[in-house]
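Structure file run-v8.cif with mmCIF, C-alpha atoms:
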```cif
data_data
#
loop_
_atom_site.label_atom_id
_atom_site.label_comp_id
_atom_site.auth_asym_id
_atom_site.auth_seq_id
_atom_site.Cartn_x
_atom_site.Cartn_y
_atom_site.Cartn_z
CA MET A 1 80.88 173.37 134.84
CA LYS A 2 84.40 174.11 133.55
CA LYS A 3 85.76 171.26 135.66
CA LYS A 4 83.11 168.91 134.23
CA ILE A 5 83.96 169.90 130.63
CA PHE A 6 87.66 169.51 131.36
CA GLY A 7 87.04 166.02 132.77
CA ILE A 8 85.09 164.98 129.68
CA LEU A 9 87.82 166.26 127.35
CA LEU A 10 90.46 164.46 129.41
CA CYS A 11 88.55 161.17 129.14
CA ILE A 12 88.20 161.61 125.38
CA SER A 13 91.91 162.29 125.01
CA MET A 14 92.81 159.22 127.01
CA ALA A 15 90.43 157.08 124.92
CA VAL A 16 92.08 158.30 121.70
CA ILE A 17 95.51 157.50 123.12
CA LEU A 18 94.40 154.01 124.16
CA VAL A 19 92.81 153.27 120.79
CA GLY A 20 95.92 154.50 119.02
CA GLY A 21 98.06 152.33 121.26
CA CYS A 22 95.91 149.25 120.55
CA SER A 23 96.05 149.92 116.82
CA SER A 24 99.81 150.16 116.94
CA THR A 25 100.06 146.89 118.86
CA ASN A 26 97.83 145.04 116.37
CA THR A 27 99.89 146.29 113.45
CA SER A 28 103.04 145.08 115.17
CA SER A 29 101.50 141.65 115.81
CA ALA A 30 100.45 141.35 112.20
CA GLY A 31 104.00 142.09 111.14
CA LYS A 32 105.33 139.42 113.48
CA SER A 33 102.95 136.79 112.07
CA GLU A 34 104.56 137.30 108.66
CA GLU A 35 108.00 137.11 110.26
CA LYS A 36 107.36 133.66 111.76
CA THR A 37 110.30 132.02 113.49
CA VAL A 38 108.68 128.77 114.70
CA ILE A 39 106.88 126.47 112.27
CA ASN A 40 104.73 123.58 113.50
CA ILE A 41 104.10 120.79 110.99
CA GLY A 42 101.75 117.88 111.62
CA THR A 43 101.92 114.44 110.06
CA SER A 44 100.80 110.83 110.50
CA SER A 45 103.03 107.96 111.57
CA VAL A 46 102.90 106.59 108.00
CA SER A 47 104.15 109.90 106.53
CA LYS A 48 106.65 110.83 109.23
CA ASP A 49 109.62 110.45 106.85
CA LEU A 50 108.06 113.04 104.53
CA ALA A 51 107.54 115.58 107.29
CA GLU A 52 111.07 115.08 108.61
CA SER A 53 112.69 115.28 105.16
CA GLY A 54 112.85 119.08 104.85
CA LYS A 55 113.20 119.94 108.54
CA LYS A 56 116.95 120.61 108.46
CA ALA A 57 116.75 122.65 105.25
CA LEU A 58 114.03 124.79 106.82
CA GLU A 59 116.00 125.16 110.04
CA ASP A 60 119.01 126.27 107.98
CA MET A 61 116.83 129.20 106.87
CA GLY A 62 116.59 130.29 110.49
CA TYR A 63 113.31 128.69 111.56
CA LYS A 64 112.70 126.44 114.53
CA VAL A 65 110.73 123.48 113.19
CA GLU A 66 108.56 121.24 115.34
CA ILE A 67 107.11 118.03 113.85
CA LYS A 68 104.03 116.61 115.57
CA VAL A 69 103.07 113.01 114.72
CA PHE A 70 99.41 112.00 115.03
CA ASP A 71 98.01 108.47 115.17
CA ASP A 72 94.73 109.69 113.71
CA TYR A 73 94.10 110.92 110.16
CA VAL A 74 91.56 113.60 111.13
CA LEU A 75 93.49 115.36 113.91
CA PRO A 76 96.26 116.90 111.73
CA ASN A 77 93.55 118.76 109.79
CA ASP A 78 91.67 119.69 112.97
CA ALA A 79 94.87 121.15 114.43
CA LEU A 80 95.60 123.05 111.21
CA ALA A 81 92.11 124.52 111.12
CA GLU A 82 92.37 125.52 114.80
CA GLY A 83 95.74 127.19 114.28
CA THR A 84 97.87 124.95 116.50
CA LEU A 85 99.66 123.76 113.34
CA ASP A 86 101.01 125.97 110.56
CA ALA A 87 101.07 123.16 108.00
CA ASN A 88 100.60 119.44 107.68
CA PHE A 89 102.14 116.86 105.40
CA TYR A 90 100.37 113.50 105.30
CA GLN A 91 97.36 113.59 102.98
CA HIS A 92 96.34 113.58 99.34
CA GLU A 93 94.02 116.11 97.75
CA PRO A 94 90.83 113.98 97.61
CA TYR A 95 91.07 113.40 101.36
CA MET A 96 91.72 117.12 101.96
CA ASN A 97 88.77 118.13 99.79
CA ASN A 98 86.48 115.72 101.61
CA TYR A 99 87.62 117.14 104.96
CA ASN A 100 86.97 120.70 103.76
CA LYS A 101 83.51 119.73 102.59
CA SER A 102 82.65 118.00 105.85
CA HIS A 103 84.05 120.68 108.17
CA GLY A 104 83.55 123.92 106.25
CA THR A 105 87.29 124.63 106.24
CA ASN A 106 89.53 126.11 103.55
CA ILE A 107 92.70 124.02 103.60
CA ILE A 108 94.71 124.03 100.39
CA MET A 109 97.66 122.01 99.10
CA LEU A 110 100.74 123.98 98.10
CA GLU A 111 102.26 123.37 94.68
CA PRO A 112 104.00 121.28 93.60
CA LYS A 113 102.54 118.11 95.07
CA LEU A 114 105.44 116.12 96.38
CA TYR A 115 105.26 112.34 96.90
CA ASN A 116 103.45 109.29 95.58
CA TYR A 117 102.94 106.03 97.38
CA TYR A 118 101.86 102.98 95.42
CA THR A 119 99.96 99.74 95.71
CA GLY A 120 102.25 96.77 95.19
CA LEU A 121 101.67 93.19 94.15
CA TYR A 122 104.15 91.07 96.13
CA SER A 123 105.22 87.45 96.25
CA VAL A 124 108.10 85.48 97.74
CA LYS A 125 107.09 82.48 95.62
CA ALA A 126 107.71 83.93 92.16
CA ASP A 127 109.84 86.53 90.41
CA SER A 128 107.13 87.56 87.97
CA ILE A 129 103.35 87.45 87.61
CA GLU A 130 103.71 84.85 84.86
CA ASP A 131 105.58 82.51 87.23
CA LEU A 132 103.04 82.64 90.07
CA PRO A 133 102.03 79.15 91.18
CA ASN A 134 98.43 77.97 91.31
CA GLY A 135 96.56 77.73 94.59
CA GLY A 136 97.22 79.33 97.93
CA ALA A 137 96.09 82.57 99.48
CA VAL A 138 95.99 86.15 98.27
CA GLY A 139 96.30 88.62 101.13
CA ILE A 140 94.01 91.62 100.60
CA ALA A 141 92.77 94.56 102.66
CA GLN A 142 90.09 94.42 105.36
CA ASP A 143 87.90 97.43 104.52
CA ALA A 144 85.37 97.45 101.68
CA ALA A 145 86.78 100.43 99.74
CA ASN A 146 90.34 99.09 99.59
CA ILE A 147 89.20 95.54 98.86
CA SER A 148 87.33 96.89 95.83
CA VAL A 149 90.38 98.82 94.61
CA GLN A 150 92.69 95.84 95.09
CA LEU A 151 90.39 93.43 93.27
CA LYS A 152 90.35 95.80 90.29
CA GLN A 153 94.16 95.93 90.42
CA LEU A 154 94.36 92.13 90.50
CA GLN A 155 92.15 92.12 87.41
CA GLU A 156 94.46 94.66 85.75
CA ALA A 157 97.37 92.32 86.46
CA GLY A 158 95.51 89.50 84.68
CA ILE A 159 95.10 87.35 87.79
CA ILE A 160 91.29 87.42 88.07
CA THR A 161 88.27 88.64 86.13
CA LEU A 162 85.49 90.64 87.78
CA SER A 163 81.88 91.12 86.77
CA ASP A 164 81.08 94.25 84.76
CA LYS A 165 79.85 95.99 87.92
CA PRO A 166 79.49 95.13 91.60
CA ALA A 167 76.52 92.91 92.38
CA ALA A 168 75.57 95.08 95.34
CA GLY A 169 76.53 98.64 96.23
CA ASP A 170 79.48 100.62 94.90
CA PHE A 171 82.31 98.27 95.88
CA TYR A 172 83.52 95.02 94.40
CA THR A 173 83.74 92.04 96.73
CA VAL A 174 85.25 88.57 96.35
CA ALA A 175 81.75 87.42 95.34
CA ASP A 176 82.11 89.51 92.15
CA ILE A 177 85.06 87.41 90.88
CA VAL A 178 83.79 85.53 87.82
CA LYS A 179 87.11 83.96 86.79
CA ASN A 180 89.79 82.72 89.16
CA PRO A 181 91.96 80.51 86.90
CA HIS A 182 94.67 79.98 89.54
CA ASN A 183 92.14 78.86 92.14
CA TYR A 184 93.28 81.38 94.76
CA ASP A 185 91.67 81.96 98.14
CA PHE A 186 91.24 85.62 99.07
CA VAL A 187 92.06 86.35 102.70
CA GLN A 188 91.35 89.67 104.39
CA SER A 189 94.27 90.54 106.64
CA ASP A 190 95.88 93.48 108.45
CA HIS A 191 99.50 94.64 108.25
CA VAL A 192 100.76 91.37 109.78
CA LYS A 193 100.57 89.82 106.29
CA TYR A 194 103.56 91.89 105.19
CA LYS A 195 105.76 90.11 107.71
CA ASN A 196 104.32 86.70 106.90
CA MET A 197 104.51 86.56 103.12
CA ASP A 198 105.42 82.87 103.23
CA ASP A 199 101.79 82.23 104.16
CA TYR A 200 100.55 83.76 100.89
CA THR A 201 101.04 83.22 97.19
CA ILE A 202 100.35 86.94 96.66
CA VAL A 203 100.14 89.90 98.98
CA ILE A 204 98.70 93.20 97.78
CA GLY A 205 99.10 96.39 99.82
CA THR A 206 100.31 99.97 99.89
CA SER A 207 104.01 100.76 99.99
CA ASN A 208 103.80 103.29 102.81
CA THR A 209 101.89 101.00 105.19
CA MET A 210 104.29 98.19 104.35
CA ALA A 211 107.23 100.42 105.26
CA GLU A 212 105.47 101.39 108.50
CA ALA A 213 105.22 97.67 109.31
CA GLY A 214 109.00 97.44 108.99
CA VAL A 215 109.08 95.66 105.61
CA ASP A 216 110.97 97.07 102.60
CA PRO A 217 108.32 97.71 99.90
CA THR A 218 110.90 97.57 97.12
CA LYS A 219 111.58 93.85 97.69
CA HIS A 220 109.53 90.99 96.17
CA LEU A 221 107.61 93.57 94.13
CA LEU A 222 105.98 92.09 91.01
CA LYS A 223 103.84 95.03 89.91
CA LYS A 224 103.30 98.62 90.99
CA PHE A 225 100.08 100.64 90.74
CA VAL A 226 100.44 104.43 91.09
CA ASP A 227 97.43 106.75 91.29
CA GLN A 228 98.54 110.32 90.49
CA ASP A 229 95.35 111.67 92.08
CA LEU A 230 96.65 110.47 95.45
CA THR A 231 99.93 112.41 95.43
CA GLN A 232 100.67 113.82 98.88
CA GLY A 233 101.65 117.42 99.51
CA ILE A 234 102.07 120.13 102.13
CA CYS A 235 98.83 121.76 103.23
CA VAL A 236 98.14 125.14 104.86
CA LEU A 237 95.13 127.34 105.41
CA ALA A 238 94.29 129.22 102.20
CA GLN A 239 94.87 132.57 103.91
CA ASN A 240 98.52 131.63 104.51
CA LYS A 241 99.48 130.29 101.08
CA ASP A 242 101.30 133.46 99.99
CA THR A 243 103.19 134.12 103.22
CA LYS A 244 106.97 134.10 103.17
CA TRP A 245 107.14 131.19 105.60
CA ALA A 246 104.84 129.05 103.44
CA LYS A 247 107.04 129.73 100.42
CA ASP A 248 110.11 128.90 102.51
CA ILE A 249 108.55 125.58 103.50
CA MET A 250 108.19 124.64 99.84
CA THR A 251 111.73 125.77 99.04
CA ALA A 252 113.04 123.57 101.85
CA TYR A 253 110.95 120.49 101.08
CA THR A 254 111.70 120.55 97.35
CA SER A 255 115.45 120.90 97.93
CA LYS A 256 117.83 118.14 96.86
CA GLU A 257 118.72 117.61 100.50
CA ALA A 258 115.08 116.98 101.47
CA ILE A 259 114.42 114.64 98.54
CA ALA A 260 117.52 112.61 99.42
CA ASN A 261 116.13 112.17 102.94
CA VAL A 262 113.21 110.06 101.63
CA PRO A 263 114.63 106.65 100.65
CA ALA A 264 112.76 104.21 98.40
CA SER A 265 112.40 101.91 101.40
CA SER A 266 110.05 104.50 102.94
CA GLY A 267 107.41 103.55 100.38
CA PHE A 268 107.31 107.02 98.84
CA GLU A 269 108.56 108.29 95.49
CA TYR A 270 109.23 111.96 94.70
CA ALA A 271 106.60 113.26 92.29
CA GLY A 272 107.92 116.78 91.73
CA LYS A 273 110.06 117.86 88.82
#
```

Turn the structure described in the file into structure tokens.
Amino acid sequence: MKKKIFGILLCISMAVILVGGCSSTNTSSAGKSEEKTVINIGTSSVSKDLAESGKKALEDMGYKVEIKVFDDYVLPNDALAEGTLDANFYQHEPYMNNYNKSHGTNIIMLEPKLYNYYTGLYSVKADSIEDLPNGGAVGIAQDAANISVQLKQLQEAGIITLSDKPAAGDFYTVADIVKNPHNYDFVQSDHVKYKNMDDYTIVIGTSNTMAEAGVDPTKHLLKKFVDQDLTQGICVLAQNKDTKWAKDIMTAYTSKEAIANVPASSGFEYAGK
């Protein structure tokens, strides 16, 4: 009986030691997560310049920084939610909020928001909107949402007049143009139009996608449309927003060195102050 009692007590003692050891290990791991030395940042090909801009400044703080470029706009958020990325830098807040709503995630954008891209009205056939010739083609987007936005911007520029509301659905189409005084044709086209501006009287598109196509978005620019709601910023999981490494990311990416690494030809403009 004494041997049996002794055996039970021995097992209990060993269990306590093991639990204590596990607790100590977990505490140590938690400490190491705060003292992160490697930071993985995801981005899209369009926003690669933004993600690369603060890399050196962050590395100068002692971190190893790895930038992963995705060809898909969903995957950088998937990877962030799964924990294979620490942060991403490629999206605006409306897109982030929609992703959170659709996936039940809690991704947040760190403050301040950092860069704006813009929609530009371009022409190689005139130096101003007033000097645009009559006739010819206007190169617009291919998808319904962007076509609607661009038609409203063309109206804002005084080039066309739209009906009070779309005839069908939520988006304006070319069929909703009620005044076209210059007799333009509206041609849906992909990024190739940026490299073939001679084929168009006007091209309308976003500065960042133009830069990705290898065309300087600051040239032949007649009018710029900036939507402050679409400012891009660095995103992390909400649980990590107050960590030292997240704060260090923002210090690095808002540094003068980082801002200087994003030229106007990239299609992005610094929005911070």

Check: Smallest atom-to-atom distance to A:Tyr184: which of A:Ile41, A:Ala57, A:Ile140, A:Thr231, using only C-alpha atoms?
Finding: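 Using only C-alpha atoms, A:Tyr184 sits closest to A:Ile140.
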
Margin query: I want to know what sits within 9 Å of stretch 218-221 of chain A, based on only C-alpha atoms, with residues of the same chain fewer than 5 positions away left out; could you give that as a PyMOL selection string?
Written below: chain A and resi 120-128+207+264-265+267

Save the residues we just selected, C-alpha atoms, as a PDB file, in the frame of the given file?
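Output file part-v4.pdb is given in full below:
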```
ATOM      1  CA  GLY A 120     102.250  96.770  95.190  1.00  0.00           C
ATOM      2  CA  LEU A 121     101.670  93.190  94.150  1.00  0.00           C
ATOM      3  CA  TYR A 122     104.150  91.070  96.130  1.00  0.00           C
ATOM      4  CA  SER A 123     105.220  87.450  96.250  1.00  0.00           C
ATOM      5  CA  VAL A 124     108.100  85.480  97.740  1.00  0.00           C
ATOM      6  CA  LYS A 125     107.090  82.480  95.620  1.00  0.00           C
ATOM      7  CA  ALA A 126     107.710  83.930  92.160  1.00  0.00           C
ATOM      8  CA  ASP A 127     109.840  86.530  90.410  1.00  0.00           C
ATOM      9  CA  SER A 128     107.130  87.560  87.970  1.00  0.00           C
ATOM     10  CA  SER A 207     104.010 100.760  99.990  1.00  0.00           C
ATOM     11  CA  ALA A 264     112.760 104.210  98.400  1.00  0.00           C
ATOM     12  CA  SER A 265     112.400 101.910 101.400  1.00  0.00           C
ATOM     13  CA  GLY A 267     107.410 103.550 100.380  1.00  0.00           C
TER      14      GLY A 267
END
```

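The shortest atom-to-atom distance to A:Lys256, with all atoms listed in the file taken into account, belongs to A:Gly54 out of A:Thr119, A:Ser47, A:Gly136, A:Gly54.
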
Check: Just how far from atom CA of A:Ala51 is atom CA of A:Asp143, in Å to one decimal?
Finding: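 Rounded to one decimal, the two atoms are 26.9 Å apart.
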
Next item on the list: Run the PyMOL selection byres ((chain A and resi 186) around 9) on the file and write out the hits as a list in words.
Entry: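 With the shown file as input, the PyMOL selection byres ((chain A and resi 186) around 9) matches Gly136, Ala137, Val138, Gly139, Ile140, Val174, Tyr184, Asp185, Val187 and Gln188 of chain A.
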
Notebook entry, point to check: Once the PyMOL selection byres ((chain A and resi 164) around 12) has been applied to the shown file, what residues remain in the selection, as a PyMOL selection string?
Noted result: chain A and resi 152+155+161-163+165-168+171-172+176-178

Check: Do you know which residues the PyMOL selection byres ((chain A and resi 226) around 12) returns on this file, as a list in words?
Finding: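 Selected by the PyMOL selection byres ((chain A and resi 226) around 12) here: Tyr115, Asn116, Tyr117, Tyr118, Thr119, Gly120, Leu121, Gln153, Gly205, Thr206, Ser207, Lys223, Lys224, Phe225, Asp227, Gln228, Asp229, Leu230, Thr231, Gly267, Phe268, Glu269 and Ala271 of chain A.
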
Notebook entry, point to check: So which one's closest to A:Gly272, A:Lys113, A:Lys179, A:Lys195, A:Lys101? Using only C-alpha atoms, please.
Noted result: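 Looking only at the distances to A:Gly272, the closest residue turns out to be A:Lys113.
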
Next item on the list: Select, from A:Asn40, A:Pro112, A:Asp86, A:Thr251, the residue with the minimum atom-to-atom distance to A:Tyr270, counting all atoms listed in the file.
Entry: A:Pro112

Note to self: Taking 2 positions as the minimum chain separation for residues in the same chain, which residues sit within 12 Å of A:Asn100 when counting only C-alpha atoms? Answer as a list of chain:residue names.
What the structure shows: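 The filter keeps A:Val74, A:Asn77, A:Asp78, A:Leu80, A:Ala81, A:Glu93, A:Pro94, A:Tyr95, A:Met96, A:Asn97, A:Asn98, A:Ser102, A:His103, A:Gly104, A:Thr105, A:Asn106, A:Ile107, A:Ile108, A:Met109, A:Cys235, A:Leu237, A:Ala238.
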
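Separating atom CA of A:Ile129 from atom CA of A:Gln232 is a distance of 28.8 Å.
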
Next item on the list: Please indicate the distance in Å from atom CA of A:Lys193 to atom CA of A:Val215, rounded to one decimal place.
Entry: 10.3 Å

Checklist line | Within 7 Å of A:Ala252 using all atoms listed in the file, minus same-chain residues under 3 positions, as a list in words | finding: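 Listed by chain and then number, they are Gly54, Ala57, Leu58, Asp248, Ile249, Ser255 and Ala258 of chain A.
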
Next item on the list: List the residues sitting within 10 Å of (109.5, 94.2, 110.4) in the file's frame, using all atoms listed in the file, as a VMD selection string.
Entry: chain A and resid 192 194 to 196 210 to 216

Check: Using all atoms listed in the file, what residues lie at most 9 Å away from (97.7, 114.8, 111.4) (file coordinates), given as a list in words?
Finding: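 Protein, DNA and RNA residues close to (97.7, 114.8, 111.4): Ile41, Gly42, Thr43, Ser44, Ser45, Lys68, Val69, Phe70, Asp71, Asp72, Tyr73, Val74, Leu75, Pro76, Asn77, Asp78, Ala79, Leu80, Asn88, Phe89, Tyr90 and Gln91 of chain A.
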
Note to self: Taking 2 positions as the minimum chain separation for residues in the same chain, which residues sit within 8 Å of A:Met250 when counting all atoms listed in the file? Answer as a VMD selection string.
What the structure shows: chain A and resid 110 to 111 234 246 to 248 252 to 254

Item checked: Pick from A:Lys241, A:Val46, A:Val65, A:Ala144, whichever lies nearest to A:Thr209 using all atoms listed in the file ->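 Closest residue, counting all atoms listed in the file: A:Val46.
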
Can you take the partial stretch 75-86 of chain A, add N, CA and C atoms, and return it as an mmCIF file, keeping the file's coordinate frame?
```cif
data_model
loop_
_atom_site.group_PDB
_atom_site.id
_atom_site.type_symbol
_atom_site.label_atom_id
_atom_site.label_comp_id
_atom_site.auth_asym_id
_atom_site.auth_seq_id
_atom_site.Cartn_x
_atom_site.Cartn_y
_atom_site.Cartn_z
ATOM 1 N N LEU A 75 92.922 114.359 112.991
ATOM 2 C CA LEU A 75 93.490 115.360 113.910
ATOM 3 C C LEU A 75 94.486 116.331 113.275
ATOM 4 N N PRO A 76 95.345 115.898 112.327
ATOM 5 C CA PRO A 76 96.260 116.900 111.730
ATOM 6 C C PRO A 76 95.520 118.014 110.999
ATOM 7 N N ASN A 77 94.358 117.713 110.426
ATOM 8 C CA ASN A 77 93.550 118.760 109.790
ATOM 9 C C ASN A 77 92.810 119.596 110.834
ATOM 10 N N ASP A 78 92.324 118.937 111.885
ATOM 11 C CA ASP A 78 91.670 119.690 112.970
ATOM 12 C C ASP A 78 92.640 120.713 113.551
ATOM 13 N N ALA A 79 93.867 120.271 113.824
ATOM 14 C CA ALA A 79 94.870 121.150 114.430
ATOM 15 C C ALA A 79 95.254 122.284 113.483
ATOM 16 N N LEU A 80 95.300 122.007 112.189
ATOM 17 C CA LEU A 80 95.600 123.050 111.210
ATOM 18 C C LEU A 80 94.484 124.081 111.173
ATOM 19 N N ALA A 81 93.257 123.606 111.154
ATOM 20 C CA ALA A 81 92.110 124.520 111.120
ATOM 21 C C ALA A 81 92.023 125.370 112.374
ATOM 22 N N GLU A 82 92.428 124.799 113.523
ATOM 23 C CA GLU A 82 92.370 125.520 114.800
ATOM 24 C C GLU A 82 93.543 126.473 114.983
ATOM 25 N N GLY A 83 94.593 126.295 114.183
ATOM 26 C CA GLY A 83 95.740 127.190 114.280
ATOM 27 C C GLY A 83 96.872 126.698 115.151
ATOM 28 N N THR A 84 96.771 125.482 115.693
ATOM 29 C CA THR A 84 97.870 124.950 116.500
ATOM 30 C C THR A 84 98.971 124.355 115.623
ATOM 31 N N LEU A 85 98.648 124.129 114.337
ATOM 32 C CA LEU A 85 99.660 123.760 113.340
ATOM 33 C C LEU A 85 99.702 124.843 112.274
ATOM 34 N N ASP A 86 100.873 125.047 111.692
ATOM 35 C CA ASP A 86 101.010 125.970 110.560
ATOM 36 C C ASP A 86 100.814 125.249 109.239
#
```
